[in-house]
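Enquirer: Encoded as structure tokens, here's the structure I'll be asking about.
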Amino acid sequence: QKEVEQDPGPLSVPEGAIVSLNCTYSNSAFQYFMWYRQYSRKGPELLMYTYSSGNKEDGRFTAQVDKSSKYISLFIRDSQPSDSATYLCATMGGTASKLTFGTGTRLQVTL
Amino acid sequence: DGGITQSPKYLFRKEGQNVTLSCEQNLNHDAMYWYRQDPGQGLRLIYYSQIVNDFQKGDIAEGYSVSREKKESFPLTVTSAQKNPTAFYLCASSIGPRGTQYFGPGTRLLVL
């Protein structure tokens with residue numbers, strides 16, 4: 001079993017839709033949670049960074065962490081074609097300082 | 001502009017050849033990382049360095065080597081011992097070992 005599980009998609013939604021992207025993790029020691037966006041053939045860019053449980057909002061993006069169920073989510077409101085990319089969740093914590101990534105979900109926002 | 005640069009963008013390796021990927025950062029970050037990305041497998045950590053002249057193996061270090069002689073540079077050598085080197089290689093840096101990691105644009109390595 002992978003430490004971080006993520007549905008690879010692809011997920012296709014119409015412009016303006018609300019998008020929900022999710023990951024589950026198995027290690028209860030994880031305390032830091034990140035979402036990266038990666039356009040095709042580019043390096044990942046950090047979207048959201050949260051510590052422990054709770055919500056964090058930044059413009060059209062909301063990150064949600066539920067440590068009791070080991071579930072992390074990214075919501076995108078009013079999705080745009082420019083949001084079409086692969087979204088990677090990542091976690092860190094415990095004794096290791098390295099990031100553990102999900103496999104990424106490919107999102108396509110259509111006109 | 002502060003950031004991370006990787007070169008070359010594309011690299012071709014012949015059988016039995018060692019090749020070196022460059023990673024430079026001007027963010028004054030102490031920690032640097034190398035990841036490999038394959039389709040359907042996400043990012044996997046190859047090596048990381050928390051400080052100059054020190055580095056540790058990640059999850060898939062076999063067939064790779066690194067050096068960290070300068071704070072701003074962390075080159076990765078893909079040796080002939082790496083039998084499946086075709087992948088997208090990403091370098092990242094962070095201000096410290098638990099800091100947010102920022103990524104470079106990547107190098108795509110292909111085998112001839």
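Labels used: A, B, ... for chains in the order of the structure tokens, numbers from 1 for residues in each chain, and numbers from 1 for ligands as shown.
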Please identify all residues of chain A having at least one atom at most 10 Å from any atom of chain B, considering only C-alpha atoms, and return them as an NGL selection string.
Expert: :A and (6 or 8 or 32 or 34 or 36 or 41-46 or 49 or 88-90 or 92-93 or 96-105)
Enquirer: Please identify which residues in region 2-107 of chain B DSSP calls strand (DSSP E) from the backbone, and express them as JSON, numbers by chain.
Expert: {"B": [4, 5, 6, 7, 10, 11, 12, 13, 19, 20, 21, 22, 23, 24, 25, 31, 32, 33, 34, 35, 36, 37, 38, 42, 43, 44, 45, 46, 47, 48, 49, 50, 51, 54, 55, 56, 57, 64, 65, 66, 76, 77, 78, 87, 88, 89, 90, 91, 92, 93, 94, 102, 103, 107]}
Enquirer: Create the file for the chosen residues now, containing N, CA and C atoms and written as a compact mmCIF listing (two decimals), in the first residue's frame.
Expert:
```txt
# COMPACT_ATOMS: atom_id res chain seq x y z
N ILE B 4 15.10 28.61 -9.27
CA ILE B 4 15.87 27.39 -9.48
C ILE B 4 15.98 27.14 -10.97
N THR B 5 17.18 26.92 -11.45
CA THR B 5 17.37 26.62 -12.87
C THR B 5 17.93 25.21 -13.01
N GLN B 6 17.46 24.54 -14.04
CA GLN B 6 17.95 23.21 -14.37
C GLN B 6 18.38 23.20 -15.83
N SER B 7 19.47 22.52 -16.08
CA SER B 7 19.92 22.39 -17.47
C SER B 7 20.58 21.04 -17.67
N TYR B 10 16.52 19.04 -22.19
CA TYR B 10 16.48 17.66 -22.70
C TYR B 10 17.91 17.12 -22.72
N LEU B 11 18.05 15.84 -22.41
CA LEU B 11 19.37 15.22 -22.39
C LEU B 11 19.24 13.80 -22.93
N PHE B 12 20.19 13.44 -23.78
CA PHE B 12 20.16 12.12 -24.38
C PHE B 12 21.37 11.33 -23.88
N ARG B 13 21.14 10.10 -23.49
CA ARG B 13 22.22 9.26 -22.95
C ARG B 13 22.39 8.03 -23.83
N VAL B 19 25.88 10.68 -17.38
CA VAL B 19 25.48 12.04 -17.73
C VAL B 19 25.19 12.82 -16.45
N THR B 20 25.43 14.14 -16.50
CA THR B 20 25.23 14.97 -15.33
C THR B 20 24.18 16.04 -15.60
N LEU B 21 23.22 16.14 -14.68
CA LEU B 21 22.17 17.14 -14.75
C LEU B 21 22.51 18.27 -13.77
N SER B 22 22.33 19.49 -14.24
CA SER B 22 22.69 20.64 -13.43
C SER B 22 21.48 21.20 -12.70
N CYS B 23 21.68 21.65 -11.47
CA CYS B 23 20.66 22.35 -10.70
C CYS B 23 21.32 23.48 -9.93
N GLU B 24 20.83 24.69 -10.15
CA GLU B 24 21.37 25.87 -9.46
C GLU B 24 20.22 26.67 -8.85
N GLN B 25 20.43 27.19 -7.64
CA GLN B 25 19.41 28.04 -7.02
C GLN B 25 20.06 29.29 -6.43
N ALA B 31 18.69 23.55 1.88
CA ALA B 31 18.36 22.18 1.49
C ALA B 31 18.05 22.09 0.00
N MET B 32 18.51 21.01 -0.62
CA MET B 32 18.23 20.77 -2.03
C MET B 32 17.90 19.29 -2.22
N TYR B 33 17.12 19.01 -3.28
CA TYR B 33 16.57 17.67 -3.48
C TYR B 33 16.58 17.32 -4.97
N TRP B 34 16.67 16.04 -5.25
CA TRP B 34 16.47 15.53 -6.61
C TRP B 34 15.36 14.48 -6.57
N TYR B 35 14.39 14.65 -7.50
CA TYR B 35 13.29 13.71 -7.65
C TYR B 35 13.29 13.17 -9.08
N ARG B 36 12.72 12.00 -9.19
CA ARG B 36 12.46 11.42 -10.49
C ARG B 36 10.96 11.27 -10.64
N GLN B 37 10.43 11.62 -11.83
CA GLN B 37 8.99 11.49 -12.08
C GLN B 37 8.76 10.59 -13.27
N ASP B 38 8.02 9.52 -13.05
CA ASP B 38 7.62 8.60 -14.10
C ASP B 38 6.10 8.61 -14.19
N GLY B 42 4.14 9.29 -9.67
CA GLY B 42 4.41 10.47 -8.85
C GLY B 42 5.89 10.77 -8.79
N LEU B 43 6.28 11.58 -7.81
CA LEU B 43 7.67 11.97 -7.63
C LEU B 43 8.33 11.06 -6.61
N ARG B 44 9.50 10.58 -6.93
CA ARG B 44 10.25 9.74 -6.00
C ARG B 44 11.60 10.39 -5.71
N LEU B 45 11.98 10.40 -4.44
CA LEU B 45 13.19 11.09 -4.00
C LEU B 45 14.43 10.26 -4.29
N ILE B 46 15.41 10.89 -4.97
CA ILE B 46 16.65 10.21 -5.30
C ILE B 46 17.72 10.50 -4.25
N TYR B 47 18.03 11.76 -4.05
CA TYR B 47 19.01 12.22 -3.06
C TYR B 47 18.54 13.56 -2.51
N TYR B 48 19.00 13.88 -1.29
CA TYR B 48 18.77 15.21 -0.77
C TYR B 48 19.97 15.65 0.05
N SER B 49 20.09 16.97 0.18
CA SER B 49 21.21 17.56 0.90
C SER B 49 20.66 18.66 1.79
N GLN B 50 20.96 18.59 3.06
CA GLN B 50 20.46 19.61 3.99
C GLN B 50 21.46 20.72 4.21
N ILE B 51 22.72 20.48 3.80
CA ILE B 51 23.76 21.48 4.01
C ILE B 51 24.92 21.17 3.09
N ASP B 54 27.25 17.72 2.51
CA ASP B 54 26.52 16.62 3.15
C ASP B 54 25.31 16.27 2.30
N PHE B 55 25.05 14.97 2.11
CA PHE B 55 23.87 14.54 1.38
C PHE B 55 23.49 13.13 1.82
N GLN B 56 22.21 12.80 1.62
CA GLN B 56 21.70 11.50 2.02
C GLN B 56 20.95 10.85 0.86
N LYS B 57 20.94 9.52 0.86
CA LYS B 57 20.19 8.79 -0.14
C LYS B 57 18.70 8.92 0.13
N TYR B 64 22.64 6.44 -9.15
CA TYR B 64 22.79 7.90 -9.17
C TYR B 64 23.87 8.33 -8.19
N SER B 65 24.47 9.51 -8.46
CA SER B 65 25.40 10.10 -7.49
C SER B 65 25.22 11.61 -7.52
N VAL B 66 25.57 12.25 -6.40
CA VAL B 66 25.44 13.70 -6.29
C VAL B 66 26.67 14.26 -5.59
N LEU B 76 23.39 16.27 -10.31
CA LEU B 76 23.03 14.84 -10.24
C LEU B 76 23.68 14.12 -11.42
N THR B 77 24.41 13.04 -11.14
CA THR B 77 24.98 12.21 -12.19
C THR B 77 24.19 10.91 -12.29
N VAL B 78 23.73 10.63 -13.49
CA VAL B 78 23.05 9.37 -13.77
C VAL B 78 24.12 8.44 -14.34
N ALA B 87 13.27 9.36 -17.78
CA ALA B 87 12.34 9.94 -16.83
C ALA B 87 12.46 11.46 -16.88
N PHE B 88 11.61 12.13 -16.14
CA PHE B 88 11.64 13.58 -15.95
C PHE B 88 12.28 13.82 -14.59
N TYR B 89 13.38 14.56 -14.57
CA TYR B 89 14.13 14.78 -13.33
C TYR B 89 13.88 16.20 -12.82
N LEU B 90 13.51 16.29 -11.55
CA LEU B 90 13.16 17.56 -10.94
C LEU B 90 14.05 17.85 -9.75
N CYS B 91 14.57 19.06 -9.71
CA CYS B 91 15.36 19.53 -8.59
C CYS B 91 14.50 20.48 -7.78
N ALA B 92 14.66 20.46 -6.48
CA ALA B 92 13.91 21.35 -5.60
C ALA B 92 14.83 21.88 -4.51
N SER B 93 14.41 22.96 -3.88
CA SER B 93 15.16 23.48 -2.74
C SER B 93 14.19 24.01 -1.70
N SER B 94 14.67 24.07 -0.45
CA SER B 94 13.87 24.64 0.63
C SER B 94 14.81 25.35 1.59
N TYR B 102 10.48 24.24 -3.32
CA TYR B 102 10.21 24.90 -4.59
C TYR B 102 10.98 24.18 -5.69
N PHE B 103 10.32 23.99 -6.81
CA PHE B 103 10.86 23.15 -7.87
C PHE B 103 11.41 23.94 -9.04
N THR B 107 14.41 18.42 -16.12
CA THR B 107 15.21 17.92 -17.25
C THR B 107 14.64 16.58 -17.68
```
Enquirer: Within 8 Å of Arg60 (chain A), counting only C-alpha atoms, which residues show up once you throw out same-chain ones fewer than 4 positions away? Write them as a ChimeraX atom specification, please.
Expert: /A:75-78
Enquirer: Atoms to include: C-alpha atoms. Write the selected residues as a short mmCIF file (atom, residue, chain, number, x, y, z; two decimals), in the first residue's frame.
Expert:
```cif
data_model
loop_
_atom_site.label_atom_id
_atom_site.label_comp_id
_atom_site.auth_asym_id
_atom_site.auth_seq_id
_atom_site.Cartn_x
_atom_site.Cartn_y
_atom_site.Cartn_z
CA PHE A 75 -11.44 22.53 -3.91
CA ILE A 76 -11.32 24.83 -6.92
CA ARG A 77 -14.24 27.22 -7.36
CA ASP A 78 -15.25 28.72 -10.71
#
```
Enquirer: Between A:Asn22, A:Ser68, A:Gln38, A:Ser52, which residue has the minimum interatomic distance to Gly9 (chain A), considering only C-alpha atoms?
Expert: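 Comparing A:Asn22, A:Ser68, A:Gln38, A:Ser52 against Gly9 (chain A), the winner is A:Asn22.
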Enquirer: Can you tell me which residues surround Thr24 (chain A) at a distance of at most 6 Å, considering only C-alpha atoms, apart from same-chain residues fewer than 4 positions away, and format the answer as a list in words?
Expert: Val4, Glu5, Lys70 and Tyr71 of chain A
Enquirer: Next, dump the selected residues to file, keeping only C-alpha atoms, as a PDB file, in the first residue's frame.
Expert:
```pdb
ATOM      1  CA  VAL A   4      -0.310   8.535  -0.141  1.00  0.00           C
ATOM      2  CA  GLU A   5      -3.097   7.462  -2.500  1.00  0.00           C
ATOM      3  CA  LYS A  70      -6.421  10.829   6.998  1.00  0.00           C
ATOM      4  CA  TYR A  71      -8.079  12.652   4.117  1.00  0.00           C
TER       5      TYR A  71
END
```
Enquirer: So the first atom is CA of Ser73 (chain A) and the second is CA of Ser20 (chain A); what is the distance between them in Å, to one decimal place?
Expert: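 Between CA of Ser73 (chain A) and CA of Ser20 (chain A) the gap is 6.8 Å.
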Enquirer: Please compute the CA of Asn27 (chain A)-CA of Pro10 (chain A) distance, one decimal, in Å.
Expert: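 Interatomic distance, CA of Asn27 (chain A) to CA of Pro10 (chain A): 26.1 Å.
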Enquirer: Could you tell me how far CA of Ser12 (chain A) sits from CA of Phe61 (chain A), in Å to one decimal place?
Expert: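 Taking CA of Phe61 (chain A) and CA of Ser12 (chain A), their separation equals 17.6 Å.
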Enquirer: With only C-alpha atoms as the counted atoms, please give the residues lying no more than 10 Å from Lys14 (chain B), apart from itself and same-chain residues fewer than 5 positions off, as a PyMOL selection string.
Expert: chain B and resi 19+80+110-112
Enquirer: Pull all heavy atoms from the residues just selected and write them as a CSV table (one decimal), in the first residue's frame.
Expert:
```csv
chain,number,residue,atom,x,y,z
B,19,VAL,N,25.9,10.7,-17.4
B,19,VAL,CA,25.5,12.0,-17.7
B,19,VAL,C,25.2,12.8,-16.4
B,19,VAL,O,24.8,12.2,-15.4
B,19,VAL,CB,24.2,12.1,-18.6
B,19,VAL,CG1,24.6,11.5,-20.0
B,19,VAL,CG2,23.1,11.3,-18.0
B,80,SER,N,26.0,4.7,-15.5
B,80,SER,CA,25.7,3.6,-16.4
B,80,SER,C,25.0,2.5,-15.6
B,80,SER,O,24.4,1.6,-16.2
B,80,SER,CB,26.9,3.1,-17.1
B,80,SER,OG,27.9,2.7,-16.2
B,110,LEU,N,16.5,11.1,-21.9
B,110,LEU,CA,16.0,10.0,-22.9
B,110,LEU,C,17.2,9.2,-23.2
B,110,LEU,O,18.4,9.7,-23.3
B,110,LEU,CB,15.5,10.6,-24.1
B,110,LEU,CG,14.2,11.5,-23.9
B,110,LEU,CD1,13.9,12.4,-25.2
B,110,LEU,CD2,13.0,10.7,-23.6
B,111,VAL,N,17.0,7.9,-23.5
B,111,VAL,CA,18.1,7.0,-23.8
B,111,VAL,C,18.1,6.7,-25.3
B,111,VAL,O,17.0,6.4,-25.9
B,111,VAL,CB,17.9,5.6,-23.0
B,111,VAL,CG1,19.0,4.7,-23.5
B,111,VAL,CG2,18.0,5.9,-21.5
B,112,LEU,N,19.3,6.9,-25.9
B,112,LEU,CA,19.4,6.6,-27.4
B,112,LEU,C,19.5,5.1,-27.6
B,112,LEU,O,20.2,4.4,-26.8
B,112,LEU,CB,20.6,7.4,-27.9
B,112,LEU,CG,20.4,8.9,-27.9
B,112,LEU,CD1,21.7,9.5,-28.4
B,112,LEU,CD2,19.3,9.3,-28.8
```
Enquirer: Can you tell me which residues surround Val65 (chain A) at a distance of at most 6 Å, considering only C-alpha atoms, apart from same-chain residues fewer than 5 positions away, and format the answer as a ChimeraX atom specification?
Expert: /A:53-54,72
Enquirer: Keeping C-alpha atoms for every residue in the selection just given, could you write it to a file as an mmCIF file, in the first residue's frame?
Expert:
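Result file is again13.cif:
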```
data_model
loop_
_atom_site.group_PDB
_atom_site.id
_atom_site.type_symbol
_atom_site.label_atom_id
_atom_site.label_comp_id
_atom_site.auth_asym_id
_atom_site.auth_seq_id
_atom_site.Cartn_x
_atom_site.Cartn_y
_atom_site.Cartn_z
ATOM 1 C CA SER A 53 -6.247 19.686 10.449
ATOM 2 C CA GLY A 54 -8.455 22.479 9.196
ATOM 3 C CA ILE A 72 -6.923 15.798 2.329
#
```
